[in-house]
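Raw contents of structure33.txt, compact mmCIF, C-alpha atoms:
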```txt
# COMPACT_ATOMS: atom_id res chain seq x y z
CA MET A 747 -14.89 6.01 2.96
CA PRO A 748 -11.11 5.58 3.53
CA SER A 749 -9.41 7.91 5.98
CA SER A 750 -7.35 9.42 3.13
CA VAL A 751 -10.58 10.85 1.69
CA ARG A 752 -12.37 11.56 5.00
CA LEU A 753 -9.58 13.88 6.19
CA PRO A 754 -9.78 16.35 3.27
CA CYS A 755 -13.58 16.28 3.51
CA LEU A 756 -13.43 17.18 7.22
CA PHE A 757 -10.81 19.86 6.61
CA GLY A 758 -12.82 21.36 3.76
CA ALA A 759 -16.06 21.42 5.77
CA THR A 760 -14.36 23.07 8.76
CA PHE A 761 -12.67 25.65 6.54
CA LEU A 762 -15.89 26.59 4.75
CA VAL A 763 -17.91 26.92 7.96
CA ALA A 764 -15.27 29.20 9.45
CA ALA A 765 -15.21 31.34 6.32
CA VAL A 766 -19.01 31.72 6.22
CA ALA A 767 -19.03 32.81 9.85
CA THR A 768 -16.53 35.60 9.11
CA PRO A 769 -18.41 38.72 7.97
CA ARG A 770 -17.31 40.76 5.02
CA PRO A 771 -19.52 43.85 4.54
CA GLY A 772 -20.94 44.31 1.09
CA LEU A 773 -19.81 40.99 -0.38
CA ALA A 774 -23.34 39.60 -0.49
CA GLN A 775 -24.22 42.36 -2.94
CA GLU A 776 -21.08 41.87 -5.04
CA ASN A 777 -20.92 39.50 -7.99
CA PRO A 778 -17.28 39.40 -9.17
CA GLU A 779 -18.11 36.81 -11.84
CA VAL A 780 -20.05 39.42 -13.87
CA GLU A 781 -16.87 41.32 -14.82
CA GLN A 782 -14.51 38.36 -14.33
CA PRO A 783 -16.30 35.47 -16.08
CA PHE A 784 -13.30 33.19 -16.59
CA PHE A 785 -11.55 31.17 -13.90
CA VAL A 786 -8.66 28.77 -13.44
CA ARG A 787 -8.41 26.34 -10.52
CA LEU A 788 -5.34 24.54 -9.22
CA GLY A 789 -5.89 21.76 -6.72
CA TYR A 790 -4.63 18.62 -5.00
CA GLY A 791 -6.96 15.65 -4.88
CA LEU A 792 -7.44 12.13 -3.58
CA ALA A 793 -9.43 9.43 -5.40
CA SER A 794 -10.96 6.36 -3.74
CA TYR A 795 -12.33 3.48 -5.82
CA ARG A 796 -15.49 1.39 -5.22
CA THR A 797 -14.36 -1.43 -7.51
CA THR A 798 -16.65 -4.18 -8.77
CA GLY A 799 -16.27 -6.42 -11.80
CA ARG A 800 -16.02 -9.88 -13.32
CA ALA A 801 -13.17 -12.13 -14.44
CA ALA A 802 -12.62 -15.20 -16.62
CA VAL A 803 -9.50 -17.37 -16.92
CA ALA A 804 -9.05 -19.47 -20.07
CA GLY A 805 -12.70 -18.76 -20.92
CA GLN A 806 -14.04 -19.97 -17.54
CA SER A 807 -15.83 -17.42 -15.34
CA LEU A 808 -14.51 -17.00 -11.80
CA ASN A 809 -17.26 -15.70 -9.54
CA ARG A 810 -14.86 -15.08 -6.66
CA ALA A 811 -12.10 -13.37 -8.66
CA ARG A 812 -11.94 -9.66 -7.95
CA VAL A 813 -9.70 -6.69 -8.68
CA ALA A 814 -9.26 -3.75 -6.29
CA LEU A 815 -7.68 -0.39 -7.11
CA GLY A 816 -5.52 1.40 -4.59
CA ASP A 817 -6.31 4.99 -3.60
CA VAL A 818 -4.35 7.61 -5.54
CA SER A 819 -3.51 11.31 -5.17
CA PHE A 820 -3.34 13.72 -8.09
CA ALA A 821 -2.76 17.32 -9.13
CA ALA A 822 -5.65 18.97 -11.00
CA LEU A 823 -6.06 21.95 -13.33
CA GLU A 824 -9.53 23.27 -14.22
CA LEU A 825 -10.44 26.00 -16.71
CA GLY A 826 -13.93 27.51 -16.67
CA TRP A 827 -16.32 30.18 -17.90
CA ARG A 828 -19.16 31.74 -15.88
CA PHE A 829 -21.46 32.28 -18.86
CA ALA A 830 -24.47 33.31 -16.71
CA PRO A 831 -24.87 34.57 -13.10
CA ASP A 832 -25.87 31.11 -11.84
CA TRP A 833 -24.17 28.84 -14.41
CA SER A 834 -20.64 27.91 -15.44
CA VAL A 835 -18.95 25.38 -17.70
CA SER A 836 -15.48 23.91 -17.15
CA VAL A 837 -12.95 21.34 -18.29
CA LEU A 838 -10.70 19.59 -15.77
CA GLY A 839 -7.49 17.62 -16.28
CA GLY A 840 -4.25 17.00 -14.46
CA LEU A 841 -1.00 15.10 -14.19
CA PRO A 842 -1.54 11.40 -15.06
CA PRO A 843 -1.52 9.33 -11.84
CA THR A 844 -0.52 5.66 -11.52
CA VAL A 845 -2.84 3.24 -9.70
CA ALA A 846 -2.11 -0.35 -8.61
CA LEU A 847 -4.52 -3.20 -9.42
CA HIS A 848 -4.64 -5.66 -6.51
CA GLY A 849 -5.95 -9.22 -6.75
CA ARG A 850 -8.76 -10.26 -4.41
CA GLY A 851 -10.65 -13.51 -3.86
CA ASP A 852 -9.40 -16.11 -6.37
CA PHE A 853 -6.80 -13.55 -7.53
CA ALA A 854 -5.50 -12.82 -4.02
CA ASP A 855 -2.34 -14.93 -4.44
CA GLN A 856 -1.39 -12.81 -7.47
CA GLY A 857 -0.73 -9.74 -5.29
CA VAL A 858 -0.36 -6.60 -7.40
CA LEU A 859 -1.68 -7.57 -10.83
CA ARG A 860 -0.51 -4.50 -12.70
CA LYS A 861 0.20 -0.79 -12.33
CA VAL A 862 -1.79 1.48 -14.64
CA THR A 863 -0.98 5.08 -15.62
CA TYR A 864 -4.02 6.95 -16.89
CA GLY A 865 -5.28 10.41 -17.70
CA SER A 866 -8.79 11.80 -17.28
CA VAL A 867 -10.55 14.83 -18.75
CA MET A 868 -13.87 16.01 -17.27
CA LEU A 869 -16.18 18.36 -19.16
CA GLY A 870 -19.21 19.59 -17.26
CA VAL A 871 -21.61 22.32 -16.24
CA GLN A 872 -22.15 23.74 -12.73
CA TYR A 873 -25.11 25.48 -11.09
CA HIS A 874 -24.46 28.12 -8.40
CA PRO A 875 -27.77 28.54 -6.50
CA PHE A 876 -26.82 31.31 -4.05
CA THR A 877 -24.04 33.13 -2.18
CA LEU A 878 -23.94 33.24 1.63
CA GLY A 879 -21.43 35.81 2.80
CA ARG A 880 -18.06 34.63 1.52
CA PHE A 881 -19.33 31.14 0.71
CA GLU A 882 -20.78 30.05 -2.64
CA PRO A 883 -21.89 26.40 -3.11
CA PHE A 884 -22.32 24.67 -6.45
CA VAL A 885 -23.49 21.37 -7.94
CA GLY A 886 -22.71 19.98 -11.36
CA ALA A 887 -22.65 17.08 -13.79
CA GLY A 888 -20.75 16.11 -16.92
CA LEU A 889 -18.76 13.50 -18.81
CA ASN A 890 -15.44 11.90 -17.88
CA TYR A 891 -13.12 10.45 -20.53
CA THR A 892 -10.27 8.28 -19.22
CA ALA A 893 -7.37 7.18 -21.44
CA ILE A 894 -4.96 4.40 -20.43
CA PHE A 895 -1.39 5.49 -21.18
CA ARG A 896 0.70 2.63 -19.81
CA THR A 897 0.58 -0.60 -17.82
CA HIS A 898 3.66 -2.13 -16.20
CA GLY A 899 4.94 -4.42 -13.45
CA GLY A 900 2.89 -6.85 -11.40
CA SER A 901 2.05 -10.54 -11.83
CA MET A 902 -0.36 -10.16 -14.79
CA SER A 903 1.72 -9.73 -17.93
CA GLU A 904 0.62 -8.17 -21.19
CA LEU A 905 -2.37 -6.43 -19.63
CA HIS A 906 -4.27 -4.22 -22.08
CA VAL A 907 -6.98 -1.92 -20.72
CA ALA A 908 -9.38 -0.13 -23.09
CA ASP A 909 -10.17 3.58 -22.73
CA ASN A 910 -13.62 4.47 -21.43
CA ALA A 911 -16.04 7.35 -20.84
CA GLY A 912 -18.76 7.78 -18.23
CA PRO A 913 -20.90 10.37 -16.43
CA TYR A 914 -20.09 12.15 -13.19
CA VAL A 915 -21.84 14.36 -10.64
CA GLN A 916 -20.21 16.87 -8.33
CA VAL A 917 -20.90 19.03 -5.29
CA GLY A 918 -18.66 21.66 -3.80
CA GLY A 919 -18.18 25.21 -2.68
CA GLN A 920 -15.81 28.13 -2.83
CA VAL A 921 -14.88 30.84 -0.36
CA HIS A 922 -14.19 34.28 -1.86
CA LEU A 923 -10.95 35.54 -0.30
CA THR A 924 -10.62 38.63 -2.53
CA SER A 925 -12.42 39.94 -5.61
CA SER A 926 -10.31 37.57 -7.76
CA LEU A 927 -9.08 34.77 -5.49
CA SER A 928 -11.08 31.96 -3.88
CA ALA A 929 -10.43 28.71 -2.04
CA PHE A 930 -12.53 25.72 -3.08
CA VAL A 931 -13.38 22.14 -2.17
CA ASP A 932 -14.97 19.80 -4.71
CA ALA A 933 -16.22 16.19 -4.56
CA ARG A 934 -17.06 14.10 -7.65
CA LYS A 935 -18.58 10.67 -8.19
CA THR A 936 -17.80 9.04 -11.56
CA TRP A 937 -19.19 5.88 -13.17
CA LEU A 938 -16.70 4.00 -15.39
CA SER A 939 -16.29 0.48 -16.76
CA PHE A 940 -13.11 -0.96 -18.29
CA ASP A 941 -12.43 -4.17 -20.19
CA ALA A 942 -8.95 -5.65 -19.77
CA LYS A 943 -7.07 -8.62 -21.24
CA GLY A 944 -3.90 -10.16 -19.88
CA VAL A 945 -2.04 -13.30 -18.88
CA ALA A 946 -1.82 -14.73 -15.34
CA GLY A 947 0.03 -17.97 -14.58
CA GLY A 948 0.37 -18.65 -18.29
CA ALA A 949 -3.42 -18.57 -18.87
CA PRO A 950 -5.33 -15.85 -20.75
CA VAL A 951 -7.42 -13.62 -18.48
CA ARG A 952 -10.32 -11.26 -19.25
CA VAL A 953 -11.37 -8.78 -16.58
CA SER A 954 -14.23 -6.28 -16.48
CA ILE A 955 -13.49 -3.53 -13.96
CA ASP A 956 -15.99 -0.96 -12.67
CA PRO A 957 -13.88 1.39 -10.48
CA ASP A 958 -16.54 4.12 -9.93
CA PRO A 959 -14.16 6.52 -8.15
CA VAL A 960 -15.03 9.21 -5.64
CA SER A 961 -12.55 12.10 -5.70
CA VAL A 962 -12.12 15.10 -3.39
CA THR A 963 -10.08 18.14 -4.47
CA LEU A 964 -8.89 21.18 -2.49
CA GLY A 965 -7.27 24.22 -4.02
CA LEU A 966 -7.34 27.84 -5.15
CA SER A 967 -9.38 29.52 -7.87
CA TYR A 968 -8.46 32.69 -9.73
CA ARG A 969 -11.03 34.75 -11.70
CA PHE A 970 -10.17 37.06 -14.56
```

So, in terms of structure tokens, how does the structure I just supplied come out?
Amino acid sequence: MPSSVRLPCLFGATFLVAAVATPRPGLAQENPEVEQPFFVRLGYGLASYRTTGRAAVAGQSLNRARVALGDVSFAALELGWRFAPDWSVSVLGGLPPTVALHGRGDFADQGVLRKVTYGSVMLGVQYHPFTLGRFEPFVGAGLNYTAIFRTHGGSMSELHVADNAGPYVQVGGQVHLTSSLSAFVDARKTWLSFDAKGVAGGAPVRVSIDPDPVSVTLGLSYRF
């Protein structure tokens, strides 16, 4: 995992361990979500891509042509509802980030192929198995829909990337700071596959990209 993602993971783990170790009398018996079932989360995240795929130029497959996506940071907004003591449902979105597509292998001499601006919406359900002092872990799963808003720049002209949807899983935890405010850390693994068409060196190019990002988000949650 790149250092840009390892650092927030390490920070989040250290923060949560310290919070759990700090006693808060009576909190284990409290369940603020019963009277405050709705929540909004604001966070800052980093996404790292495990890109695989295939490419063809002028109809001929290139086994050694690859596309890599650069890591990207993003701002996230999540709205949720704790509809049962151990279960919640949420939808997550954020400001559309821009990621660079880099050529690898037979595409290496092309440098940055294109820059892509996209937006993702994640709808999912979370399970909260227990609360330990201030700390409450959760796991979840859902569906990610990613829309491509714009492509620009780079050596591959006229690149068109189709929208796509795919499943994701998540694991995370939150630390209750007050009866309404919490700090959280959340990690998600998403499976996506995109088909793209463009032109490189005057020849038509078809690329299948499987970015499969891993994202880590840190932020604050407010219950109401």

Looking at A:Lys861, A:Arg969, A:Lys943, A:His906, which one is nearest to Ser926 of chain A, with distances taken over only C-alpha atoms?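 Among A:Lys861, A:Arg969, A:Lys943, A:His906, it is A:Arg969 that comes nearest to Ser926 of chain A.
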
Using Å and a single decimal, report how far atom CA of Ile894 of chain A sits from atom CA of Gln872 of chain A. 27.0 Å

Å distance separating atom CA of Gly948 of chain A from atom CA of Ala814 of chain A, one decimal place: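 Spanning atom CA of Gly948 of chain A to atom CA of Ala814 of chain A is a straight-line distance of 21.4 Å.
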
Show me a table, sorted first by chain and then by increasing residue number, of the residues of segment 826-889 of chain A having an atom at most 12 Å from segment 789-803 of chain A, each with its shortest atom pair and the distance in Å to one decimal, counting only C-alpha atoms and written as CSV.
```
residue,atom,partner,partner_atom,distance
A:Leu838,CA,A:Gly789,CA,10.5
A:Gly839,CA,A:Gly789,CA,10.5
A:Gly840,CA,A:Gly789,CA,9.2
A:Leu841,CA,A:Tyr790,CA,10.5
A:Pro843,CA,A:Ala793,CA,10.2
A:Thr844,CA,A:Ala793,CA,11.4
A:Val845,CA,A:Ala793,CA,10.0
A:Ala846,CA,A:Tyr795,CA,11.3
A:Leu847,CA,A:Thr797,CA,10.2
A:His848,CA,A:Thr797,CA,10.6
A:Gly849,CA,A:Ala801,CA,10.9
A:Arg850,CA,A:Thr798,CA,10.9
A:Gly851,CA,A:Ala801,CA,11.0
A:Asp852,CA,A:Ala801,CA,9.8
A:Phe853,CA,A:Ala801,CA,9.5
```

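Take atom CA of Phe940 of chain A and atom CA of Asp909 of chain A: the distance between them is 7.0 Å.
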
Identify which of the residues A:Arg812, A:Arg896, A:Arg787, A:Arg880 lies closest to Gly826 of chain A, counting all atoms listed in the file when measuring atom-to-atom distances.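 Once distances to Gly826 of chain A are computed over all atoms listed in the file, the minimum belongs to A:Arg787.
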
May I ask which of the residues A:Gln856, A:Gln916, A:Ser834, A:Ser925 is the closest one to Val813 of chain A, counting all atoms listed in the file?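 Checking each candidate against Val813 of chain A, we get A:Gln856 as the closest.
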
Looking at only C-alpha atoms, which of A:Ala893, A:Gly805, A:Gly816, A:Ala830 is the one that sits closest to Pro783 of chain A? A:Ala830

Between A:Met902, A:Ala854, A:Val960, A:Val871, which has the minimum distance to Trp833 of chain A (counting all atoms listed in the file)? A:Val871

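Candidate residues A:Pro950, A:Pro875, A:Gly870, A:Gly857 were compared for distance to Gly899 of chain A, and the nearest is A:Gly857, using all atoms listed in the file.
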
As a ChimeraX atom specification, please: the residues near segment 865-869 of chain A (cut-off 6 Å, only C-alpha atoms, same-chain neighbours under 6 positions excluded). /A:836-839,842,888-893
